[in-house]
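For reference, start-v7.cif is printed below; it contains mmCIF, N, CA, C and O atoms.
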```
data_protein
#
loop_
_atom_site.label_atom_id
_atom_site.label_comp_id
_atom_site.auth_asym_id
_atom_site.auth_seq_id
_atom_site.Cartn_x
_atom_site.Cartn_y
_atom_site.Cartn_z
N MET A 1 0.84 -1.17 0.00
CA MET A 1 0.00 0.00 0.00
C MET A 1 0.89 1.24 0.00
O MET A 1 1.86 1.32 0.74
N SER A 2 0.55 2.21 -0.82
CA SER A 2 1.36 3.42 -0.91
C SER A 2 0.97 4.42 0.18
O SER A 2 -0.09 4.33 0.78
N SER A 3 1.86 5.37 0.42
CA SER A 3 1.61 6.41 1.42
C SER A 3 0.48 7.33 0.96
O SER A 3 0.30 7.58 -0.23
N ILE A 4 -0.23 7.84 1.94
CA ILE A 4 -1.30 8.79 1.66
C ILE A 4 -0.67 10.20 1.62
O ILE A 4 0.30 10.47 2.31
N ASN A 5 -1.23 11.08 0.81
CA ASN A 5 -0.73 12.45 0.77
C ASN A 5 -1.86 13.41 1.14
O ASN A 5 -3.01 13.01 1.29
N PHE A 6 -1.53 14.68 1.29
CA PHE A 6 -2.54 15.65 1.71
C PHE A 6 -3.65 15.82 0.69
O PHE A 6 -4.80 16.06 1.06
N ASP A 7 -3.34 15.71 -0.59
CA ASP A 7 -4.40 15.80 -1.59
C ASP A 7 -5.45 14.72 -1.34
O ASP A 7 -6.65 15.00 -1.33
N GLU A 8 -4.99 13.50 -1.14
CA GLU A 8 -5.91 12.38 -0.91
C GLU A 8 -6.64 12.53 0.43
O GLU A 8 -7.85 12.30 0.52
N MET A 9 -5.91 12.96 1.48
CA MET A 9 -6.55 13.16 2.77
C MET A 9 -7.64 14.22 2.68
O MET A 9 -8.74 14.03 3.22
N GLN A 10 -7.35 15.33 2.01
CA GLN A 10 -8.36 16.38 1.90
C GLN A 10 -9.57 15.90 1.11
O GLN A 10 -10.70 16.19 1.48
N GLN A 11 -9.34 15.14 0.06
CA GLN A 11 -10.46 14.62 -0.72
C GLN A 11 -11.33 13.71 0.13
O GLN A 11 -12.56 13.75 0.07
N MET A 12 -10.69 12.89 0.96
CA MET A 12 -11.44 12.01 1.85
C MET A 12 -12.26 12.81 2.86
O MET A 12 -13.42 12.48 3.15
N GLN A 13 -11.70 13.90 3.37
CA GLN A 13 -12.43 14.74 4.31
C GLN A 13 -13.58 15.46 3.64
O GLN A 13 -14.65 15.63 4.23
N ILE A 14 -13.38 15.88 2.39
CA ILE A 14 -14.46 16.51 1.63
C ILE A 14 -15.62 15.53 1.47
O ILE A 14 -16.78 15.88 1.65
N GLU A 15 -15.32 14.28 1.15
CA GLU A 15 -16.35 13.26 1.02
C GLU A 15 -17.07 13.03 2.35
O GLU A 15 -18.30 12.92 2.39
N LEU A 16 -16.30 12.96 3.43
CA LEU A 16 -16.88 12.74 4.75
C LEU A 16 -17.79 13.91 5.15
O LEU A 16 -18.91 13.71 5.65
N GLN A 17 -17.33 15.13 4.89
CA GLN A 17 -18.13 16.31 5.22
C GLN A 17 -19.40 16.38 4.36
O GLN A 17 -20.46 16.78 4.84
N ALA A 18 -19.27 16.00 3.09
CA ALA A 18 -20.45 16.00 2.21
C ALA A 18 -21.50 15.03 2.72
O ALA A 18 -22.70 15.29 2.64
N LYS A 19 -21.05 13.91 3.27
CA LYS A 19 -21.98 12.90 3.75
C LYS A 19 -22.57 13.25 5.12
O LYS A 19 -23.76 13.02 5.36
N TYR A 20 -21.76 13.81 6.03
CA TYR A 20 -22.21 13.98 7.41
C TYR A 20 -22.22 15.42 7.92
O TYR A 20 -22.66 15.68 9.04
N GLY A 21 -21.73 16.38 7.12
CA GLY A 21 -21.64 17.76 7.57
C GLY A 21 -22.94 18.32 8.12
O GLY A 21 -22.96 18.99 9.15
N LYS A 22 -24.04 18.04 7.45
CA LYS A 22 -25.34 18.54 7.91
C LYS A 22 -25.75 17.87 9.22
O LYS A 22 -26.31 18.52 10.10
N VAL A 23 -25.46 16.60 9.34
CA VAL A 23 -25.78 15.87 10.58
C VAL A 23 -24.98 16.46 11.74
O VAL A 23 -25.49 16.63 12.85
N TRP A 24 -23.71 16.80 11.47
CA TRP A 24 -22.84 17.36 12.50
C TRP A 24 -23.08 18.85 12.72
O TRP A 24 -22.54 19.43 13.65
N GLY A 25 -23.87 19.47 11.85
CA GLY A 25 -24.16 20.88 11.98
C GLY A 25 -22.97 21.78 11.72
O GLY A 25 -22.77 22.77 12.41
N GLN A 26 -22.19 21.44 10.73
CA GLN A 26 -21.01 22.25 10.44
C GLN A 26 -20.79 22.39 8.95
O GLN A 26 -21.31 21.63 8.16
N LYS A 27 -20.02 23.39 8.63
CA LYS A 27 -19.61 23.65 7.26
C LYS A 27 -18.11 23.85 7.26
O LYS A 27 -17.53 24.22 8.27
N MET A 28 -17.51 23.64 6.14
CA MET A 28 -16.07 23.85 6.03
C MET A 28 -15.82 25.29 5.61
O MET A 28 -15.55 25.60 4.46
N GLU A 29 -15.97 26.19 6.59
CA GLU A 29 -15.76 27.61 6.37
C GLU A 29 -15.06 28.18 7.60
O GLU A 29 -15.08 27.56 8.67
N PRO A 30 -14.46 29.36 7.49
CA PRO A 30 -13.67 29.91 8.60
C PRO A 30 -14.40 29.96 9.94
O PRO A 30 -13.78 29.72 10.98
N ALA A 31 -15.69 30.23 9.93
CA ALA A 31 -16.43 30.32 11.19
C ALA A 31 -16.40 29.01 11.99
O ALA A 31 -16.57 29.02 13.21
N PHE A 32 -16.17 27.90 11.32
CA PHE A 32 -16.11 26.60 12.00
C PHE A 32 -14.67 26.16 12.28
O PHE A 32 -14.44 25.09 12.83
N GLY A 33 -13.71 26.98 11.89
CA GLY A 33 -12.30 26.62 12.07
C GLY A 33 -11.92 26.38 13.52
O GLY A 33 -11.23 25.41 13.83
N VAL A 34 -12.38 27.25 14.42
CA VAL A 34 -12.02 27.09 15.82
C VAL A 34 -12.57 25.77 16.37
O VAL A 34 -11.93 25.10 17.18
N ARG A 35 -13.75 25.39 15.90
CA ARG A 35 -14.35 24.13 16.33
C ARG A 35 -13.47 22.94 15.91
O ARG A 35 -13.21 22.04 16.71
N GLN A 36 -12.99 22.97 14.68
CA GLN A 36 -12.13 21.90 14.20
C GLN A 36 -10.81 21.89 14.96
O GLN A 36 -10.28 20.83 15.30
N LEU A 37 -10.27 23.08 15.25
CA LEU A 37 -9.03 23.18 16.02
C LEU A 37 -9.20 22.57 17.40
O LEU A 37 -8.36 21.80 17.87
N LEU A 38 -10.31 22.88 18.06
CA LEU A 38 -10.54 22.34 19.40
C LEU A 38 -10.71 20.82 19.38
O LEU A 38 -10.21 20.12 20.27
N TRP A 39 -11.40 20.31 18.37
CA TRP A 39 -11.53 18.85 18.24
C TRP A 39 -10.15 18.23 18.01
O TRP A 39 -9.83 17.18 18.56
N MET A 40 -9.31 18.89 17.18
CA MET A 40 -7.98 18.38 16.90
C MET A 40 -7.14 18.34 18.19
O MET A 40 -6.44 17.36 18.46
N ILE A 41 -7.23 19.40 18.99
CA ILE A 41 -6.49 19.44 20.25
C ILE A 41 -6.96 18.33 21.18
O ILE A 41 -6.15 17.68 21.85
N GLY A 42 -8.27 18.10 21.21
CA GLY A 42 -8.80 17.00 22.03
C GLY A 42 -8.24 15.66 21.61
O GLY A 42 -7.87 14.83 22.44
N GLU A 43 -8.16 15.45 20.30
CA GLU A 43 -7.61 14.18 19.80
C GLU A 43 -6.11 14.08 20.11
O GLU A 43 -5.61 13.01 20.45
N ALA A 44 -5.40 15.21 20.01
CA ALA A 44 -3.97 15.21 20.35
C ALA A 44 -3.77 14.86 21.82
O ALA A 44 -2.81 14.16 22.18
N SER A 45 -4.70 15.30 22.66
CA SER A 45 -4.64 14.94 24.08
C SER A 45 -4.81 13.44 24.27
O SER A 45 -4.18 12.85 25.15
N GLU A 46 -5.66 12.83 23.44
CA GLU A 46 -5.83 11.38 23.53
C GLU A 46 -4.54 10.66 23.13
O GLU A 46 -4.19 9.64 23.71
N VAL A 47 -3.82 11.20 22.15
CA VAL A 47 -2.52 10.65 21.77
C VAL A 47 -1.59 10.73 22.98
O VAL A 47 -0.90 9.75 23.33
N GLY A 48 -1.56 11.90 23.62
CA GLY A 48 -0.72 12.08 24.81
C GLY A 48 -1.10 11.14 25.94
O GLY A 48 -0.22 10.64 26.65
N ASP A 49 -2.39 10.91 26.12
CA ASP A 49 -2.84 10.00 27.16
C ASP A 49 -2.31 8.59 26.95
O ASP A 49 -1.94 7.90 27.91
N ILE A 50 -2.28 8.14 25.71
CA ILE A 50 -1.77 6.80 25.43
C ILE A 50 -0.28 6.74 25.77
O ILE A 50 0.17 5.77 26.40
N ILE A 51 0.46 7.77 25.40
CA ILE A 51 1.89 7.79 25.73
C ILE A 51 2.06 7.76 27.24
O ILE A 51 2.86 6.99 27.77
N LYS A 52 1.28 8.60 27.94
CA LYS A 52 1.40 8.70 29.39
C LYS A 52 0.97 7.41 30.09
O LYS A 52 1.66 6.93 30.99
N LYS A 53 -0.15 6.85 29.67
CA LYS A 53 -0.72 5.70 30.38
C LYS A 53 -0.11 4.36 29.97
O LYS A 53 0.02 3.46 30.80
N GLU A 54 0.21 4.23 28.70
CA GLU A 54 0.71 2.94 28.20
C GLU A 54 2.24 2.90 28.11
O GLU A 54 2.83 1.86 28.28
N GLY A 55 2.83 4.02 27.77
CA GLY A 55 4.29 4.10 27.68
C GLY A 55 4.81 3.74 26.30
O GLY A 55 4.12 3.13 25.47
N GLU A 56 6.02 4.18 26.06
CA GLU A 56 6.65 4.00 24.76
C GLU A 56 6.83 2.53 24.37
O GLU A 56 6.62 2.17 23.22
N ASP A 57 7.21 1.70 25.34
CA ASP A 57 7.43 0.29 25.03
C ASP A 57 6.16 -0.39 24.52
O ASP A 57 6.19 -1.18 23.58
N GLU A 58 5.03 -0.07 25.15
CA GLU A 58 3.75 -0.65 24.71
C GLU A 58 3.40 -0.19 23.30
O GLU A 58 2.93 -0.97 22.49
N ILE A 59 3.63 1.09 23.03
CA ILE A 59 3.33 1.62 21.69
C ILE A 59 4.20 0.93 20.65
O ILE A 59 3.74 0.62 19.54
N MET A 60 5.44 0.68 20.99
CA MET A 60 6.37 0.09 20.03
C MET A 60 6.22 -1.43 19.91
O MET A 60 6.50 -1.99 18.85
N ASN A 61 5.74 -2.09 20.95
CA ASN A 61 5.77 -3.56 20.96
C ASN A 61 4.43 -4.26 21.09
O ASN A 61 4.34 -5.45 20.83
N ASN A 62 3.38 -3.56 21.50
CA ASN A 62 2.07 -4.18 21.65
C ASN A 62 1.20 -3.77 20.45
O ASN A 62 0.85 -2.59 20.33
N PRO A 63 0.86 -4.72 19.58
CA PRO A 63 0.09 -4.36 18.38
C PRO A 63 -1.23 -3.65 18.67
O PRO A 63 -1.62 -2.75 17.92
N ASP A 64 -1.93 -4.03 19.73
CA ASP A 64 -3.21 -3.39 20.05
C ASP A 64 -3.00 -1.94 20.49
O ASP A 64 -3.73 -1.04 20.07
N THR A 65 -2.01 -1.72 21.34
CA THR A 65 -1.70 -0.36 21.79
C THR A 65 -1.24 0.49 20.62
O THR A 65 -1.66 1.64 20.46
N ARG A 66 -0.41 -0.08 19.78
CA ARG A 66 0.10 0.65 18.61
C ARG A 66 -1.05 1.03 17.67
O ARG A 66 -1.11 2.15 17.18
N ARG A 67 -1.95 0.09 17.43
CA ARG A 67 -3.09 0.37 16.57
C ARG A 67 -3.92 1.51 17.13
O ARG A 67 -4.30 2.44 16.43
N HIS A 68 -4.19 1.47 18.43
CA HIS A 68 -4.98 2.52 19.08
C HIS A 68 -4.25 3.87 18.99
O HIS A 68 -4.86 4.90 18.71
N PHE A 69 -2.95 3.87 19.23
CA PHE A 69 -2.13 5.09 19.14
C PHE A 69 -2.21 5.70 17.73
O PHE A 69 -2.45 6.89 17.57
N ILE A 70 -2.04 4.86 16.72
CA ILE A 70 -2.09 5.33 15.34
C ILE A 70 -3.50 5.81 14.99
O ILE A 70 -3.66 6.81 14.27
N GLU A 71 -4.50 5.13 15.48
CA GLU A 71 -5.89 5.56 15.23
C GLU A 71 -6.13 6.97 15.78
O GLU A 71 -6.74 7.81 15.12
N GLU A 72 -5.64 7.24 16.98
CA GLU A 72 -5.81 8.57 17.56
C GLU A 72 -5.00 9.61 16.79
O GLU A 72 -5.46 10.74 16.60
N MET A 73 -3.82 9.24 16.31
CA MET A 73 -3.04 10.17 15.47
C MET A 73 -3.78 10.45 14.17
O MET A 73 -3.74 11.57 13.65
N THR A 74 -4.46 9.44 13.66
CA THR A 74 -5.27 9.62 12.45
C THR A 74 -6.39 10.62 12.70
O THR A 74 -6.67 11.48 11.85
N ASP A 75 -7.03 10.54 13.87
CA ASP A 75 -8.07 11.51 14.21
C ASP A 75 -7.50 12.93 14.20
O ASP A 75 -8.15 13.86 13.71
N VAL A 76 -6.29 13.10 14.74
CA VAL A 76 -5.65 14.42 14.72
C VAL A 76 -5.50 14.90 13.29
O VAL A 76 -5.83 16.05 12.96
N MET A 77 -5.02 14.03 12.42
CA MET A 77 -4.81 14.40 11.02
C MET A 77 -6.13 14.73 10.32
O MET A 77 -6.19 15.63 9.48
N MET A 78 -7.19 14.02 10.66
CA MET A 78 -8.48 14.29 10.03
C MET A 78 -8.97 15.68 10.42
O MET A 78 -9.42 16.45 9.56
N TYR A 79 -8.86 16.03 11.69
CA TYR A 79 -9.28 17.37 12.11
C TYR A 79 -8.33 18.44 11.58
O TYR A 79 -8.76 19.55 11.27
N PHE A 80 -7.05 18.11 11.45
CA PHE A 80 -6.10 19.05 10.84
C PHE A 80 -6.52 19.35 9.41
O PHE A 80 -6.54 20.51 8.98
N ASN A 81 -6.90 18.32 8.67
CA ASN A 81 -7.36 18.53 7.29
C ASN A 81 -8.67 19.30 7.26
O ASN A 81 -8.87 20.16 6.39
N ASP A 82 -9.56 19.05 8.20
CA ASP A 82 -10.79 19.84 8.28
C ASP A 82 -10.47 21.31 8.53
O ASP A 82 -11.08 22.20 7.94
N LEU A 83 -9.50 21.57 9.40
CA LEU A 83 -9.09 22.95 9.68
C LEU A 83 -8.54 23.61 8.41
O LEU A 83 -8.87 24.76 8.11
N MET A 84 -7.74 22.87 7.66
CA MET A 84 -7.24 23.38 6.39
C MET A 84 -8.41 23.71 5.46
O MET A 84 -8.42 24.77 4.82
N LEU A 85 -9.39 22.83 5.39
CA LEU A 85 -10.55 23.05 4.52
C LEU A 85 -11.35 24.28 4.96
O LEU A 85 -11.83 25.04 4.12
N CYS A 86 -11.50 24.46 6.27
CA CYS A 86 -12.25 25.62 6.77
C CYS A 86 -11.64 26.93 6.27
O CYS A 86 -12.37 27.89 6.00
N PHE A 87 -10.34 26.97 6.18
CA PHE A 87 -9.66 28.20 5.77
C PHE A 87 -9.18 28.16 4.32
O PHE A 87 -8.42 29.02 3.89
N GLY A 88 -9.63 27.16 3.57
CA GLY A 88 -9.31 27.08 2.15
C GLY A 88 -7.83 26.89 1.87
O GLY A 88 -7.33 27.34 0.84
N ILE A 89 -7.13 26.22 2.77
CA ILE A 89 -5.69 25.98 2.59
C ILE A 89 -5.52 24.73 1.74
O ILE A 89 -6.01 23.65 2.09
N THR A 90 -4.85 24.87 0.62
CA THR A 90 -4.65 23.75 -0.29
C THR A 90 -3.42 22.95 0.11
O THR A 90 -2.51 23.49 0.78
N PRO A 91 -3.36 21.70 -0.29
CA PRO A 91 -2.14 20.93 -0.05
C PRO A 91 -0.90 21.59 -0.65
O PRO A 91 0.18 21.51 -0.08
N GLU A 92 -1.08 22.27 -1.77
CA GLU A 92 0.06 22.95 -2.41
C GLU A 92 0.56 24.09 -1.52
O GLU A 92 1.78 24.28 -1.38
N GLU A 93 -0.36 24.85 -0.94
CA GLU A 93 0.05 25.94 -0.04
C GLU A 93 0.77 25.38 1.18
O GLU A 93 1.79 25.93 1.61
N LEU A 94 0.24 24.30 1.75
CA LEU A 94 0.88 23.69 2.91
C LEU A 94 2.27 23.18 2.55
O LEU A 94 3.23 23.40 3.30
N THR A 95 2.38 22.54 1.40
CA THR A 95 3.68 22.02 0.95
C THR A 95 4.70 23.15 0.81
O THR A 95 5.84 23.03 1.28
N GLU A 96 4.29 24.25 0.19
CA GLU A 96 5.20 25.37 -0.01
C GLU A 96 5.70 25.91 1.34
O GLU A 96 6.89 26.12 1.53
N GLN A 97 4.77 26.13 2.26
CA GLN A 97 5.15 26.68 3.55
C GLN A 97 5.95 25.67 4.38
O GLN A 97 6.87 26.05 5.10
N TYR A 98 5.62 24.40 4.27
CA TYR A 98 6.35 23.36 4.99
C TYR A 98 7.80 23.34 4.54
O TYR A 98 8.72 23.29 5.36
N ARG A 99 8.01 23.39 3.24
CA ARG A 99 9.38 23.39 2.70
C ARG A 99 10.14 24.63 3.12
O ARG A 99 11.32 24.56 3.47
N LYS A 100 9.49 25.79 3.08
CA LYS A 100 10.14 27.03 3.51
C LYS A 100 10.51 26.96 4.99
O LYS A 100 11.60 27.36 5.39
N LYS A 101 9.60 26.48 5.81
CA LYS A 101 9.86 26.36 7.25
C LYS A 101 11.00 25.38 7.51
O LYS A 101 11.87 25.62 8.36
N HIS A 102 11.01 24.28 6.78
CA HIS A 102 12.09 23.30 6.92
C HIS A 102 13.43 23.94 6.59
O HIS A 102 14.40 23.77 7.33
N GLU A 103 13.48 24.68 5.52
CA GLU A 103 14.72 25.34 5.11
C GLU A 103 15.18 26.32 6.19
O GLU A 103 16.37 26.36 6.54
N ARG A 104 14.25 27.12 6.73
CA ARG A 104 14.60 28.04 7.82
C ARG A 104 15.14 27.28 9.03
O ARG A 104 16.13 27.67 9.63
N ASN A 105 14.44 26.20 9.38
CA ASN A 105 14.89 25.41 10.54
C ASN A 105 16.25 24.77 10.30
O ASN A 105 17.05 24.67 11.23
N MET A 106 16.51 24.34 9.10
CA MET A 106 17.81 23.71 8.78
C MET A 106 18.96 24.69 8.88
O MET A 106 20.10 24.30 9.11
N ASN A 107 18.67 25.96 8.74
CA ASN A 107 19.71 26.98 8.78
C ASN A 107 19.62 27.88 10.01
O ASN A 107 20.31 28.89 10.08
N ARG A 108 18.81 27.52 10.95
CA ARG A 108 18.55 28.35 12.11
C ARG A 108 19.72 28.39 13.09
O ARG A 108 20.04 29.41 13.65
N TRP A 109 20.35 27.27 13.38
CA TRP A 109 21.38 27.24 14.42
C TRP A 109 22.73 26.98 13.83
O TRP A 109 23.17 26.17 13.26
#
```

Go through the file and emit its structure as structure tokens.
Amino acid sequence: MSSINFDEMQQMQIELQAKYGKVWGQKMEPAFGVRQLLWMIGEASEVGDIIKKEGEDEIMNNPDTRRHFIEEMTDVMMYFNDLMLCFGITPEELTEQYRKKHERNMNRW
């Protein structure tokens, strides 16, 4: 199986929002951005809880713990993509800024 990219992730989120957005009472527009950010932070906290409660060894060596850890990281990425969609950020824009930030960080110290 090949790696997923932001184009594919965003398309999947667009499909998910088209199917359930009305049920969830949300739209992918800036006014809902803070909501997506807060959900993303909540999911990131769940990632932290697994690290805190289960520990690194369990994440690395227990398939069930690892699956749960990755699932929670996936939730973070889904809300991150929703946040991008709320503000109309394209994968190309993210890529450009990511590369620029990487270059700055590589030359920072």

### Spatial neighbours of stretch 73-88 of chain A, 7 Å, only C-alpha atoms, chain gap at least 2 places, as a PyMOL selection string
chain A and resi 10+13+28-30+32-33+36-37+39-40+43-44+47+69-71+90

### Message
Among chain A, which residues does DSSP mark as helix (DSSP H, G or I) when it is run on the backbone? Keep the chain and numbering as in the structure and answer as a PyMOL selection string.
### Response
chain A and resi 6-24+30-54+56-61+63-86+91-106

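Between atom CA of A:Pro91 and atom CA of A:Arg35 the separation is 20.7 Å.
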
### Task
Go ahead and compute the interatomic distance for atom C of A:Glu46 and atom CA of A:Met12, in Å to one decimal.
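Taking atom C of A:Glu46 and atom CA of A:Met12, their separation equals 22.4 Å.
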
Box for stretch 20-31 of chain A - axis-aligned, 6 Å on each of the six sides, all listed atoms - centre and size in Å to one decimal, as AutoDock Vina command-line options.
```
--center_x -20.0 --center_y 22.1 --center_z 9.1 --size_x 24.6 --size_y 28.5 --size_z 21.2
```

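Among the candidate residues A:Arg67, A:Phe6, A:Ala31, A:Met1, the one lying nearest to A:Thr95 is A:Phe6, with distances computed using only C-alpha atoms.
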
### Computed interatomic separation between atom C of A:Leu94 and atom O of A:Asp7 (Å)
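It comes out at 12.7 Å.
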
### Message
as a list in words, please: the residues near A:Thr65 (cut-off 10 Å, only C-alpha atoms, same-chain neighbours under 6 positions excluded).
### Response
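The neighbour list is Ile50, Ile51, Glu54, Gly55, Glu56, Asp57, Glu58, Ile59 and Glu71 of chain A.
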
## Note on the structure
Of A:Glu72, A:Asn61, A:Lys100, A:Gln26, the one nearest to A:Gly48 when counting all atoms listed in the file is A:Glu72
